[in-house]
$ cat coords-v1.pdb   # PDB, C-alpha atoms
ATOM      1  CA  MET A  50       0.000   0.000   0.000
ATOM      2  CA  THR A  51       1.763   3.105  -1.227
ATOM      3  CA  SER A  52       1.841   6.662   0.034
ATOM      4  CA  ASN A  53      -0.233   7.493  -3.045
ATOM      5  CA  THR A  54      -3.058   5.457  -1.550
ATOM      6  CA  ARG A  55      -2.766   7.377   1.689
ATOM      7  CA  ASP A  56      -2.638  10.730  -0.091
ATOM      8  CA  ASN A  57      -5.671   9.765  -2.146
ATOM      9  CA  MET A  58      -7.627   8.901   0.995
ATOM     10  CA  VAL A  59      -6.647  12.161   2.694
ATOM     11  CA  ALA A  60      -7.660  14.243  -0.333
ATOM     12  CA  GLY A  61     -10.879  12.249  -0.681
ATOM     13  CA  ALA A  62     -11.732  12.772   2.962
ATOM     14  CA  ALA A  63     -11.149  16.521   2.624
ATOM     15  CA  ASP A  64     -13.490  16.576  -0.369
ATOM     16  CA  LEU A  65     -16.213  14.670   1.486
ATOM     17  CA  ILE A  66     -15.901  16.899   4.556
ATOM     18  CA  SER A  67     -16.262  19.971   2.356
ATOM     19  CA  ARG A  68     -19.514  18.558   0.959
ATOM     20  CA  ARG A  69     -21.054  16.675   3.890
ATOM     21  CA  GLY A  70     -19.334  17.769   7.059
ATOM     22  CA  VAL A  71     -17.247  15.792   9.522
ATOM     23  CA  ASN A  72     -19.739  13.411  11.064
ATOM     24  CA  ALA A  73     -21.266  12.373   7.738
ATOM     25  CA  THR A  74     -17.806  11.478   6.434
ATOM     26  CA  SER A  75     -17.323   7.873   7.502
ATOM     27  CA  MET A  76     -14.290   5.700   6.857
ATOM     28  CA  ARG A  77     -16.457   3.485   4.687
ATOM     29  CA  GLU A  78     -17.531   6.468   2.584
ATOM     30  CA  VAL A  79     -13.927   7.565   2.142
ATOM     31  CA  VAL A  80     -12.961   4.086   0.926
ATOM     32  CA  ARG A  81     -15.876   4.082  -1.505
ATOM     33  CA  HIS A  82     -15.251   7.653  -2.649
ATOM     34  CA  THR A  83     -11.555   7.064  -3.343
ATOM     35  CA  GLY A  84     -11.738   3.473  -4.590
ATOM     36  CA  THR A  85      -9.071   2.338  -2.152
ATOM     37  CA  PRO A  86      -8.858  -1.057  -0.424
ATOM     38  CA  ARG A  87     -10.636  -1.233   2.918
ATOM     39  CA  GLY A  88      -7.463  -2.567   4.523
ATOM     40  CA  SER A  89      -5.849   0.789   3.799
ATOM     41  CA  ILE A  90      -7.668   2.319   6.759
ATOM     42  CA  SER A  91      -5.884   0.465   9.546
ATOM     43  CA  HIS A  92      -2.600   0.473   7.649
ATOM     44  CA  HIS A  93      -2.411   4.208   7.041
ATOM     45  CA  PHE A  94      -4.573   5.493   9.898
ATOM     46  CA  PRO A  95      -3.963   3.354  12.986
ATOM     47  CA  ARG A  96      -5.794   5.925  15.166
ATOM     48  CA  GLY A  97      -8.866   5.601  12.976
ATOM     49  CA  LYS A  98     -11.229   8.274  11.739
ATOM     50  CA  LEU A  99      -9.908  11.098  13.909
ATOM     51  CA  GLN A 100      -6.438  10.703  12.420
ATOM     52  CA  LEU A 101      -7.866  10.727   8.887
ATOM     53  CA  ILE A 102      -9.908  13.856   9.644
ATOM     54  CA  GLU A 103      -6.880  15.597  11.140
ATOM     55  CA  ASP A 104      -4.778  14.785   8.081
ATOM     56  CA  ALA A 105      -7.571  15.816   5.696
ATOM     57  CA  ILE A 106      -7.983  19.203   7.368
ATOM     58  CA  ALA A 107      -4.226  19.803   7.408
ATOM     59  CA  PHE A 108      -4.161  18.915   3.704
ATOM     60  CA  ALA A 109      -7.040  21.283   2.939
ATOM     61  CA  GLY A 110      -5.271  24.083   4.804
ATOM     62  CA  SER A 111      -2.041  23.584   2.888
ATOM     63  CA  GLN A 112      -3.891  23.599  -0.439
ATOM     64  CA  VAL A 113      -4.839  27.196   0.326
ATOM     65  CA  SER A 114      -1.801  28.438   2.252
ATOM     66  CA  GLY A 115       0.768  27.275  -0.330
ATOM     67  CA  PRO A 116      -0.513  29.286  -3.305
ATOM     68  CA  LEU A 117      -1.645  32.152  -1.070
ATOM     69  CA  ARG A 118       1.819  32.550   0.439
ATOM     70  CA  HIS A 119       3.544  32.257  -2.942
ATOM     71  CA  LEU A 120       1.375  34.893  -4.608
ATOM     72  CA  THR A 121       1.405  37.264  -1.653
ATOM     73  CA  GLU A 122       5.197  37.122  -1.362
ATOM     74  CA  ASN A 123       5.912  37.347  -5.082
ATOM     75  CA  ARG A 124       3.117  39.519  -6.469
ATOM     76  CA  GLY A 125       1.750  41.433  -3.490
ATOM     77  CA  VAL A 126      -1.147  41.292  -1.100
ATOM     78  CA  GLN A 127      -3.803  42.368  -3.603
ATOM     79  CA  ASP A 128      -2.965  39.435  -5.886
ATOM     80  CA  GLY A 129      -2.924  37.180  -2.842
ATOM     81  CA  LEU A 130      -6.434  38.319  -1.958
ATOM     82  CA  ARG A 131      -7.672  37.759  -5.522
ATOM     83  CA  ALA A 132      -6.143  34.279  -5.558
ATOM     84  CA  PHE A 133      -7.704  33.417  -2.188
ATOM     85  CA  ILE A 134     -11.135  34.373  -3.468
ATOM     86  CA  ALA A 135     -10.621  32.805  -6.898
ATOM     87  CA  LEU A 136      -9.708  29.490  -5.294
ATOM     88  CA  TRP A 137     -12.995  29.353  -3.389
ATOM     89  CA  ARG A 138     -14.959  30.481  -6.420
ATOM     90  CA  GLN A 139     -13.418  27.665  -8.450
ATOM     91  CA  THR A 140     -14.246  25.132  -5.730
ATOM     92  CA  LEU A 141     -17.835  26.292  -5.497
ATOM     93  CA  GLU A 142     -18.469  26.362  -9.236
ATOM     94  CA  LYS A 143     -16.631  23.109  -9.971
ATOM     95  CA  THR A 144     -18.795  21.258  -7.448
ATOM     96  CA  LYS A 145     -22.007  23.085  -8.391
ATOM     97  CA  PHE A 146     -21.975  24.756  -4.965
ATOM     98  CA  GLN A 147     -21.977  21.430  -3.144
ATOM     99  CA  ALA A 148     -18.540  21.902  -1.560
ATOM    100  CA  GLY A 149     -17.422  24.598   0.842
ATOM    101  CA  CYS A 150     -14.463  24.903   3.185
ATOM    102  CA  PRO A 151     -13.636  21.730   5.132
ATOM    103  CA  VAL A 152     -11.790  23.774   7.762
ATOM    104  CA  LEU A 153     -14.933  25.786   8.423
ATOM    105  CA  ALA A 154     -16.937  22.557   8.593
ATOM    106  CA  VAL A 155     -14.693  21.344  11.409
ATOM    107  CA  ALA A 156     -14.983  24.673  13.222
ATOM    108  CA  VAL A 157     -18.795  24.702  13.295
ATOM    109  CA  GLU A 158     -19.636  21.024  13.746
ATOM    110  CA  GLN A 159     -19.572  19.042  16.991
ATOM    111  CA  TYR A 160     -17.484  15.911  16.551
ATOM    112  CA  VAL A 161     -19.288  12.666  17.370
ATOM    113  CA  ASN A 162     -17.403   9.478  18.162
ATOM    114  CA  ASP A 163     -18.655   6.866  15.675
ATOM    115  CA  ALA A 164     -18.121   3.974  18.066
ATOM    116  CA  GLU A 165     -20.121   5.550  20.880
ATOM    117  CA  GLY A 166     -22.501   7.710  18.842
ATOM    118  CA  ALA A 167     -21.920  10.552  21.305
ATOM    119  CA  PRO A 168     -20.030  13.859  21.379
ATOM    120  CA  ASP A 169     -16.309  13.480  21.954
ATOM    121  CA  PRO A 170     -15.036  16.627  23.728
ATOM    122  CA  ALA A 171     -11.364  15.626  23.657
ATOM    123  CA  SER A 172     -11.387  14.987  19.912
ATOM    124  CA  GLN A 173     -13.417  18.155  19.405
ATOM    125  CA  ARG A 174     -10.695  20.197  21.096
ATOM    126  CA  VAL A 175      -8.054  18.613  18.863
ATOM    127  CA  LEU A 176      -9.992  19.458  15.714
ATOM    128  CA  LEU A 177     -10.829  22.995  16.840
ATOM    129  CA  ASP A 178      -7.166  23.645  17.651
ATOM    130  CA  LEU A 179      -6.228  22.358  14.207
ATOM    131  CA  ALA A 180      -8.826  24.540  12.459
ATOM    132  CA  ASN A 181      -7.787  27.556  14.521
ATOM    133  CA  GLY A 182      -4.162  26.999  13.521
ATOM    134  CA  ILE A 183      -5.063  26.884   9.835
ATOM    135  CA  PHE A 184      -7.141  30.057  10.027
ATOM    136  CA  ALA A 185      -4.261  31.682  11.907
ATOM    137  CA  ASP A 186      -1.834  30.583   9.183
ATOM    138  CA  TRP A 187      -3.971  32.193   6.469
ATOM    139  CA  GLN A 188      -4.220  35.346   8.573
ATOM    140  CA  GLU A 189      -0.466  35.390   9.133
ATOM    141  CA  ILE A 190       0.171  35.207   5.385
ATOM    142  CA  MET A 191      -2.041  38.221   4.732
ATOM    143  CA  ASP A 192      -0.740  40.028   7.821
ATOM    144  CA  SER A 193       2.869  39.602   6.701
ATOM    145  CA  GLY A 194       2.033  40.730   3.189
ATOM    146  CA  LEU A 195       0.328  43.876   4.422
ATOM    147  CA  ARG A 196       3.213  44.736   6.738
ATOM    148  CA  ARG A 197       5.708  44.215   3.918
ATOM    149  CA  GLU A 198       3.767  46.792   1.920
ATOM    150  CA  GLY A 199       3.848  49.361   4.693
ATOM    151  CA  VAL A 200       0.688  48.795   6.727
ATOM    152  CA  THR A 201       1.177  49.184  10.481
ATOM    153  CA  PRO A 202       1.272  45.908  12.443
ATOM    154  CA  ALA A 203      -1.972  46.534  14.353
ATOM    155  CA  ARG A 204      -3.900  47.473  11.200
ATOM    156  CA  ALA A 205      -2.372  44.586   9.238
ATOM    157  CA  ARG A 206      -3.507  42.109  11.883
ATOM    158  CA  ARG A 207      -7.059  43.449  11.858
ATOM    159  CA  LEU A 208      -7.251  43.502   8.064
ATOM    160  CA  ALA A 209      -5.946  39.948   7.841
ATOM    161  CA  THR A 210      -8.685  38.833  10.224
ATOM    162  CA  LEU A 211     -11.264  40.736   8.172
ATOM    163  CA  ILE A 212     -10.129  39.081   4.935
ATOM    164  CA  VAL A 213     -10.212  35.507   6.215
ATOM    165  CA  ALA A 214     -13.484  35.955   8.115
ATOM    166  CA  SER A 215     -15.152  37.689   5.169
ATOM    167  CA  VAL A 216     -14.166  35.073   2.609
ATOM    168  CA  GLU A 217     -14.982  32.089   4.817
ATOM    169  CA  GLY A 218     -18.407  33.489   5.656
ATOM    170  CA  THR A 219     -19.070  34.371   2.044
ATOM    171  CA  VAL A 220     -18.295  30.828   0.891
ATOM    172  CA  ALA A 221     -21.108  29.604   3.144
ATOM    173  CA  MET A 222     -23.446  32.273   1.753
ATOM    174  CA  CYS A 223     -22.603  31.253  -1.815
ATOM    175  CA  ARG A 224     -23.398  27.619  -1.088
ATOM    176  CA  ALA A 225     -26.783  28.605   0.291
ATOM    177  CA  ALA A 226     -27.553  30.911  -2.647
ATOM    178  CA  ARG A 227     -25.975  28.592  -5.226
ATOM    179  CA  SER A 228     -24.347  31.669  -6.695
ATOM    180  CA  ALA A 229     -20.880  33.238  -6.567
ATOM    181  CA  GLN A 230     -22.230  36.791  -6.629
ATOM    182  CA  SER A 231     -21.479  37.360  -2.938
ATOM    183  CA  LEU A 232     -17.825  36.482  -3.527
ATOM    184  CA  ASP A 233     -17.633  39.065  -6.295
ATOM    185  CA  ASP A 234     -19.179  41.684  -4.009
ATOM    186  CA  VAL A 235     -16.821  40.881  -1.131
ATOM    187  CA  ARG A 236     -13.791  40.867  -3.436
ATOM    188  CA  GLN A 237     -14.581  44.352  -4.724
ATOM    189  CA  GLU A 238     -15.087  45.773  -1.243
ATOM    190  CA  LEU A 239     -11.996  44.111   0.220
ATOM    191  CA  GLU A 240      -9.879  45.331  -2.691
ATOM    192  CA  GLN A 241     -11.007  48.894  -1.971
ATOM    193  CA  VAL A 242     -10.287  48.510   1.742
ATOM    194  CA  LEU A 243      -6.814  47.125   1.017
ATOM    195  CA  ALA A 244      -6.034  49.806  -1.560
ATOM    196  CA  ALA A 245      -6.928  52.521   0.959
ATOM    197  CA  ALA A 246      -4.857  50.839   3.684
ATOM    198  CA  LEU A 247      -1.859  50.489   1.394
ATOM    199  CA  ARG A 248      -2.032  54.176   0.419
ATOM    200  CA  LYS A 249      -2.247  55.231   4.055
ATOM    201  CA  GLY A 250       0.298  52.755   5.355
TER     202      GLY A 250
END

$ encode --input "coords-v1.pdb" --output "structure tokens"
Amino acid sequence: MTSNTRDNMVAGAADLISRRGVNATSMREVVRHTGTPRGSISHHFPRGKLQLIEDAIAFAGSQVSGPLRHLTENRGVQDGLRAFIALWRQTLEKTKFQAGCPVLAVAVEQYVNDAEGAPDPASQRVLLDLANGIFADWQEIMDSGLRREGVTPARARRLATLIVASVEGTVAMCRAARSAQSLDDVRQELEQVLAAALRKG
């Protein structure tokens, strides 16, 4: 069983979480969704579903942070913002508005232990800490980009929080409306806010 099998399961789990949420993403569904052997579960994820969910969320976070960091560092914070929004627009439209952000799904859903069919507070804390770290990473990328372009540290931190919160919330709105119009509106407003901040410094 190769690392490709493991990677495929992790990516498949992230996709299912983005569409169905955490608790509706079972190990069996991941195996079916990815076409991987059932024995792959215990081989690659000895801690079971929680380990797979953790890895899937970390994967989803890196799929955003990698390109976001690259664009922000090489082409500036405005291009980073456009790329951040374009990525979510592509995800929404490609899946016909069935998929959202798996990190957000973890943040808003109470984790239920499959074996006991009951809330699992310890696992919930692990997943919330992981989601919080990913959101913080996205904020740090935007924060650093803004500071590099002359925005004061306090303002950069607040703007970075505004960007991530605005886009994440808008993705949920777009799923409900089955339209990307809200993303276009938020992009235009955030671009104006950033342009004004960059002029002022």

$ residues_near_point --input "coords-v1.pdb" --point "(-6.2, 17.1, 15.0)" --cutoff "12 Å" --atoms "only C-alpha atoms" --output "number ranges by chain"
A: 96-108, 152, 155-156, 160, 171-183

$ write_last_selection --input "coords-v1.pdb" --atoms "C-alpha atoms" --output "mmCIF file, in the coordinates of the input"
data_model
loop_
_atom_site.group_PDB
_atom_site.id
_atom_site.type_symbol
_atom_site.label_atom_id
_atom_site.label_comp_id
_atom_site.auth_asym_id
_atom_site.auth_seq_id
_atom_site.Cartn_x
_atom_site.Cartn_y
_atom_site.Cartn_z
ATOM 1 C CA ARG A 96 -5.794 5.925 15.166
ATOM 2 C CA GLY A 97 -8.866 5.601 12.976
ATOM 3 C CA LYS A 98 -11.229 8.274 11.739
ATOM 4 C CA LEU A 99 -9.908 11.098 13.909
ATOM 5 C CA GLN A 100 -6.438 10.703 12.420
ATOM 6 C CA LEU A 101 -7.866 10.727 8.887
ATOM 7 C CA ILE A 102 -9.908 13.856 9.644
ATOM 8 C CA GLU A 103 -6.880 15.597 11.140
ATOM 9 C CA ASP A 104 -4.778 14.785 8.081
ATOM 10 C CA ALA A 105 -7.571 15.816 5.696
ATOM 11 C CA ILE A 106 -7.983 19.203 7.368
ATOM 12 C CA ALA A 107 -4.226 19.803 7.408
ATOM 13 C CA PHE A 108 -4.161 18.915 3.704
ATOM 14 C CA VAL A 152 -11.790 23.774 7.762
ATOM 15 C CA VAL A 155 -14.693 21.344 11.409
ATOM 16 C CA ALA A 156 -14.983 24.673 13.222
ATOM 17 C CA TYR A 160 -17.484 15.911 16.551
ATOM 18 C CA ALA A 171 -11.364 15.626 23.657
ATOM 19 C CA SER A 172 -11.387 14.987 19.912
ATOM 20 C CA GLN A 173 -13.417 18.155 19.405
ATOM 21 C CA ARG A 174 -10.695 20.197 21.096
ATOM 22 C CA VAL A 175 -8.054 18.613 18.863
ATOM 23 C CA LEU A 176 -9.992 19.458 15.714
ATOM 24 C CA LEU A 177 -10.829 22.995 16.840
ATOM 25 C CA ASP A 178 -7.166 23.645 17.651
ATOM 26 C CA LEU A 179 -6.228 22.358 14.207
ATOM 27 C CA ALA A 180 -8.826 24.540 12.459
ATOM 28 C CA ASN A 181 -7.787 27.556 14.521
ATOM 29 C CA GLY A 182 -4.162 26.999 13.521
ATOM 30 C CA ILE A 183 -5.063 26.884 9.835
#

$ resolve_selection --input "coords-v1.pdb" --expression "the PyMOL selection byres ((chain A and resi 204-214) around 8)" --output "ChimeraX atom specification"
/A:130,184,187-189,191-193,195-196,200-203,215-218,239,243

$ residues_around --input "coords-v1.pdb" --residues "A:Gln159" --least-positions-apart "6" --cutoff "9 Å" --atoms "only C-alpha atoms" --output "mmCIF file with C-alpha atoms, in the coordinates of the input"
data_model
loop_
_atom_site.group_PDB
_atom_site.id
_atom_site.type_symbol
_atom_site.label_atom_id
_atom_site.label_comp_id
_atom_site.auth_asym_id
_atom_site.auth_seq_id
_atom_site.Cartn_x
_atom_site.Cartn_y
_atom_site.Cartn_z
ATOM 1 C CA VAL A 71 -17.247 15.792 9.522
ATOM 2 C CA ASN A 72 -19.739 13.411 11.064
ATOM 3 C CA PRO A 168 -20.030 13.859 21.379
ATOM 4 C CA ASP A 169 -16.309 13.480 21.954
ATOM 5 C CA PRO A 170 -15.036 16.627 23.728
ATOM 6 C CA GLN A 173 -13.417 18.155 19.405
#

$ resolve_selection --input "coords-v1.pdb" --expression "the PyMOL selection byres ((chain A and resi 132-137) around 8)" --output "number ranges by chain"
A: 113, 116-117, 120, 128-131, 138-141, 149, 216, 220, 232, 236

$ residues_around --input "coords-v1.pdb" --residues "A:Ala221" --least-positions-apart "6" --cutoff "10 Å" --atoms "all atoms listed in the file" --output "JSON, numbers by chain"
{"A": [141, 146, 148, 149, 150, 153, 154, 227, 231]}

$ closest_residue --input "coords-v1.pdb" --among "A:Met58, A:Val235, A:Met222, A:Val126" --to "A:Pro86" --atoms "all atoms listed in the file"
A:Met58

$ atom_distance --input "coords-v1.pdb" --atom1 "atom CA of A:Ala62" --atom2 "atom CA of A:Thr144"
15.2 Å

$ residues_around --input "coords-v1.pdb" --residues "A:Glu78" --least-positions-apart "5" --cutoff "10 Å" --atoms "only C-alpha atoms" --output "list of chain:residue names"
A:Gly61, A:Ala62, A:Leu65, A:Ala73, A:Thr83, A:Gly84

$ atom_distance --input "coords-v1.pdb" --atom1 "atom CA of A:Gln237" --atom2 "atom CA of A:Thr219"
12.9 Å

$ closest_residue --input "coords-v1.pdb" --among "A:Val80, A:Ile90, A:Ile190, A:Ala63" --to "A:Ala109" --atoms "all atoms listed in the file"
A:Ala63

$ atom_distance --input "coords-v1.pdb" --atom1 "atom CA of A:Ala226" --atom2 "atom CA of A:Asp186"
28.3 Å

$ closest_residue --input "coords-v1.pdb" --among "A:Lys145, A:Pro151, A:His92, A:Thr121" --to "A:Ala60" --atoms "only C-alpha atoms"
A:Pro151

$ closest_residue --input "coords-v1.pdb" --among "A:Met76, A:Ala185, A:Ala167, A:Ala225" --to "A:Phe94" --atoms "only C-alpha atoms"
A:Met76

$ axis_aligned_box --input "coords-v1.pdb" --around "stretch 56-69 of chain A" --padding-each-side "4 Å" --output "JSON"
{"center_x": -11.8, "center_y": 14.4, "center_z": 1.2, "size_x": 26.4, "size_y": 19.1, "size_z": 14.7}

$ closest_residue --input "coords-v1.pdb" --among "A:Ala244, A:Val161, A:Gly194, A:Gln147" --to "A:Asp64" --atoms "all atoms listed in the file"
A:Gln147

$ closest_residue --input "coords-v1.pdb" --among "A:Arg197, A:Ala246, A:Val157, A:Arg81" --to "A:Glu122" --atoms "only C-alpha atoms"
A:Arg197

$ decode --input "coords-v1.pdb" --residues "stretch 94-122 of chain A" --atoms "N, CA and C atoms" --output "CSV table (one decimal), in the first residue's frame"
chain,number,residue,atom,x,y,z
A,94,PHE,N,-4.0,4.7,8.8
A,94,PHE,CA,-4.6,5.5,9.9
A,94,PHE,C,-4.9,4.6,11.1
A,95,PRO,N,-3.8,4.2,11.8
A,95,PRO,CA,-4.0,3.4,13.0
A,95,PRO,C,-4.8,4.0,14.1
A,96,ARG,N,-4.9,5.3,14.2
A,96,ARG,CA,-5.8,5.9,15.2
A,96,ARG,C,-7.2,6.1,14.7
A,97,GLY,N,-7.5,5.6,13.5
A,97,GLY,CA,-8.9,5.6,13.0
A,97,GLY,C,-9.3,6.9,12.4
A,98,LYS,N,-10.6,7.1,12.4
A,98,LYS,CA,-11.2,8.3,11.7
A,98,LYS,C,-10.7,9.6,12.2
A,99,LEU,N,-10.4,9.8,13.5
A,99,LEU,CA,-9.9,11.1,13.9
A,99,LEU,C,-8.6,11.4,13.2
A,100,GLN,N,-7.7,10.5,13.1
A,100,GLN,CA,-6.4,10.7,12.4
A,100,GLN,C,-6.7,11.1,11.0
A,101,LEU,N,-7.6,10.4,10.3
A,101,LEU,CA,-7.9,10.7,8.9
A,101,LEU,C,-8.4,12.1,8.8
A,102,ILE,N,-9.3,12.5,9.7
A,102,ILE,CA,-9.9,13.9,9.6
A,102,ILE,C,-8.8,14.9,9.9
A,103,GLU,N,-8.0,14.7,10.9
A,103,GLU,CA,-6.9,15.6,11.1
A,103,GLU,C,-6.0,15.8,9.9
A,104,ASP,N,-5.6,14.7,9.3
A,104,ASP,CA,-4.8,14.8,8.1
A,104,ASP,C,-5.5,15.5,6.9
A,105,ALA,N,-6.8,15.2,6.8
A,105,ALA,CA,-7.6,15.8,5.7
A,105,ALA,C,-7.7,17.3,5.9
A,106,ILE,N,-7.9,17.8,7.1
A,106,ILE,CA,-8.0,19.2,7.4
A,106,ILE,C,-6.6,19.9,7.2
A,107,ALA,N,-5.6,19.2,7.6
A,107,ALA,CA,-4.2,19.8,7.4
A,107,ALA,C,-3.9,19.9,5.9
A,108,PHE,N,-4.3,18.9,5.2
A,108,PHE,CA,-4.2,18.9,3.7
A,108,PHE,C,-4.9,20.1,3.1
A,109,ALA,N,-6.2,20.2,3.5
A,109,ALA,CA,-7.0,21.3,2.9
A,109,ALA,C,-6.4,22.7,3.2
A,110,GLY,N,-5.9,22.8,4.4
A,110,GLY,CA,-5.3,24.1,4.8
A,110,GLY,C,-4.1,24.4,3.9
A,111,SER,N,-3.3,23.4,3.7
A,111,SER,CA,-2.0,23.6,2.9
A,111,SER,C,-2.4,23.9,1.4
A,112,GLN,N,-3.5,23.3,0.9
A,112,GLN,CA,-3.9,23.6,-0.4
A,112,GLN,C,-4.2,25.1,-0.7
A,113,VAL,N,-4.6,25.8,0.4
A,113,VAL,CA,-4.8,27.2,0.3
A,113,VAL,C,-3.6,28.0,0.7
A,114,SER,N,-2.9,27.6,1.8
A,114,SER,CA,-1.8,28.4,2.3
A,114,SER,C,-0.6,28.4,1.3
A,115,GLY,N,-0.4,27.3,0.6
A,115,GLY,CA,0.8,27.3,-0.3
A,115,GLY,C,0.7,28.3,-1.4
A,116,PRO,N,-0.4,28.3,-2.3
A,116,PRO,CA,-0.5,29.3,-3.3
A,116,PRO,C,-0.7,30.7,-2.8
A,117,LEU,N,-1.4,30.8,-1.6
A,117,LEU,CA,-1.6,32.2,-1.1
A,117,LEU,C,-0.3,32.8,-0.7
A,118,ARG,N,0.5,32.0,0.0
A,118,ARG,CA,1.8,32.6,0.4
A,118,ARG,C,2.7,32.9,-0.8
A,119,HIS,N,2.7,32.0,-1.8
A,119,HIS,CA,3.5,32.3,-2.9
A,119,HIS,C,3.1,33.5,-3.6
A,120,LEU,N,1.8,33.7,-3.9
A,120,LEU,CA,1.4,34.9,-4.6
A,120,LEU,C,1.6,36.2,-3.8
A,121,THR,N,1.3,36.1,-2.5
A,121,THR,CA,1.4,37.3,-1.7
A,121,THR,C,2.9,37.7,-1.6
A,122,GLU,N,3.8,36.8,-1.5
A,122,GLU,CA,5.2,37.1,-1.4
A,122,GLU,C,5.8,37.6,-2.7
